[in-house]
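Everything below concerns the one structure shown next.
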Amino acid sequence: MQSIFASMSAVPERDAAGGQTRLLRPASLLLFVLIVLAVLAGVAWQYGWHGRIAFQESSADARAQLESAELMLRSGQYAAAERQIAPILGDPQGPLYRRACLLQWQIAKTRTLAFPPHSSARRTAMLALRPQLAALFALGSWSAQQWRGFAQDAFALGAYELSAEAWSEAAKRQPSQRASDLLAAARAYAAGDKAAQGGQILLQLAEESAEEAQQKTFFLRGIVWLEGGAGARVALRSGQATLQKLPALWQDSQVVLVMSKLALANDHPQLAARWLHRELLRAAPAEQTP
């Protein structure tokens, strides 16, 4: 038995005389394992536990900087507020980066509104805000309410296309408010001399509406905007496509008259005559006296 234990406790060395290999002794093996565990623990502390503590401390510092910047913004210390959030803005991968971008936008917007109305300084500052707002859009993943706030800010800046884009994004994120958001987007496009895009949105709303009165309102306004922005040909083609999905609107005399005028403007008198003739036949029984 003693000879067995003796053979198990041999060291993994070559005997200088006989060249025989011996096994590790238990004490040496235990010491080796302890050293390896100590190294692993050190690495884990440096990059794991210790790193997590450092990350938490850094995150707490960033929150404190944001809160301090918000207080400075309220007191009108715009430059100092910007300096507070500069380190956070320098780390796009940081957890508070988006919040810092929002605060940066609020600082810039508040500073711009502090200039006298109609002053050259205010006009210049408002123009400089547009690319900053577009950069916020590019971050994406904003809530419907945040998109609506961006849309209103963009409209106030005269950035009507950006406003329309923001309203459209809000419509995607809150279906219950889709109609009102898209209507606001259409109005923003129209305000920015893009009536044709606004008209297309109105025709889309006409197709999506369940109420015939709303369908008619959206359709007629959309056709007018399309004609004014893109011409009679586009308006006629888009109107026909929409009426294929909403055939009940052909029963409305105002819709028939508008479409007939578009047909005449596009050198389609036969088409206009057919629509008008059909409308006369439909309305004739109602106009007969007993």
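Chain labels follow the order of the structure tokens: the first chain is A, the next B, and so on; residue numbering restarts at 1 in every chain, and ligands are counted from 1 in their shown order.
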
Item to check | alpha helix (DSSP H) positions in stretch 50-226 of chain A, given as a PyMOL selection string | outcome: chain A and resi 50-74+78-89+97-113+120-139+144-157+160-173+178-191+195-208+212-226

Checklist entry - Any idea what's packed within 10 Å of A:Gln251, counting only C-alpha atoms, ignoring anything in its chain fewer than 4 positions away? Could you give it as a ChimeraX atom specification? => result /A:247,255-256,278-279,282-283

Checklist entry - Which of these residues is nearest to A:Leu262, using only C-alpha atoms: A:Ala138, A:Ala284, A:Ala69, A:Ile223? => result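 Of all the options, A:Ile223 lies closest to A:Leu262.
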
When you look at A:Ala235 with a cut-off of 6 Å (counting only C-alpha atoms), what residues show up, excluding the ones that are within fewer than 4 positions of it in the same chain? I need them as a compact mmCIF listing (two decimals) with all heavy atoms, in the first residue's frame.
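Writing done, so here's part_3.txt:
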# COMPACT_ATOMS: atom_id res chain seq x y z
N ILE A 223 -57.63 66.10 -53.96
CA ILE A 223 -57.60 66.33 -55.41
C ILE A 223 -57.18 67.76 -55.73
O ILE A 223 -56.37 68.01 -56.64
CB ILE A 223 -58.99 66.02 -56.02
CG1 ILE A 223 -59.25 64.51 -56.03
CG2 ILE A 223 -59.09 66.58 -57.43
CD1 ILE A 223 -58.28 63.72 -56.89
N LEU A 226 -53.47 68.08 -55.04
CA LEU A 226 -52.70 67.37 -56.06
C LEU A 226 -52.66 68.16 -57.37
O LEU A 226 -51.61 68.26 -58.01
CB LEU A 226 -53.31 65.99 -56.30
CG LEU A 226 -52.70 64.81 -55.53
CD1 LEU A 226 -53.49 63.54 -55.81
CD2 LEU A 226 -51.25 64.61 -55.90
N GLU A 227 -53.80 68.69 -57.77
CA GLU A 227 -53.86 69.46 -59.00
C GLU A 227 -52.97 70.70 -58.91
O GLU A 227 -52.24 71.04 -59.85
CB GLU A 227 -55.29 69.87 -59.32
CG GLU A 227 -55.43 70.59 -60.67
CD GLU A 227 -56.85 71.01 -60.98
OE1 GLU A 227 -57.70 70.96 -60.04
OE2 GLU A 227 -57.13 71.39 -62.13
N GLY A 239 -57.08 60.39 -58.56
CA GLY A 239 -58.49 60.38 -58.21
C GLY A 239 -59.19 59.13 -58.69
O GLY A 239 -60.00 58.54 -57.96

Next on the checklist: One decimal, in Å: what's the spacing between atom CA of A:Leu102 and atom CA of A:Ser59?
Outcome noted: 17.4 Å

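Atom CA of A:Thr217 sits 12.0 Å away from atom CA of A:Gln204.
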
Item to check | Interatomic distance, atom CA of A:Gly76 to atom CA of A:Phe150 (Å, one decimal) | outcome: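 Calculated distance between atom CA of A:Gly76 and atom CA of A:Phe150 is 22.0 Å.
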
Checklist entry - Could you name the residues that touch A:Leu157 at 12 Å or less, counting only C-alpha atoms, but leaving out those on the same chain fewer than 4 positions away, as JSON, numbers by chain? => result {"A": [109, 112, 113, 122, 123, 124, 125, 126, 127, 128, 129, 130, 131, 132, 133, 150, 151, 152, 153, 161, 162, 163, 188, 192]}

Next on the checklist: At a cut-off of 12 Å, using only C-alpha atoms, what residues contact A:Ala144? Leave out same-chain residues fewer than 5 positions from it and give the result as a PyMOL selection string.
Outcome noted: chain A and resi 149-151+166-178+181

Item to check | 12 Å contact set for stretch 91-93 of chain A, only C-alpha atoms, chain neighbours under 5 positions out, as a ChimeraX atom specification | outcome: /A:58-59,62,85-86,98-101,139

Item to check | Near-A:Ile201 list (9 Å; only C-alpha atoms; drop same-chain fewer than 6 positions) as an MDAnalysis selection string | outcome: chainID A and resid 182:183 185:186 218 222
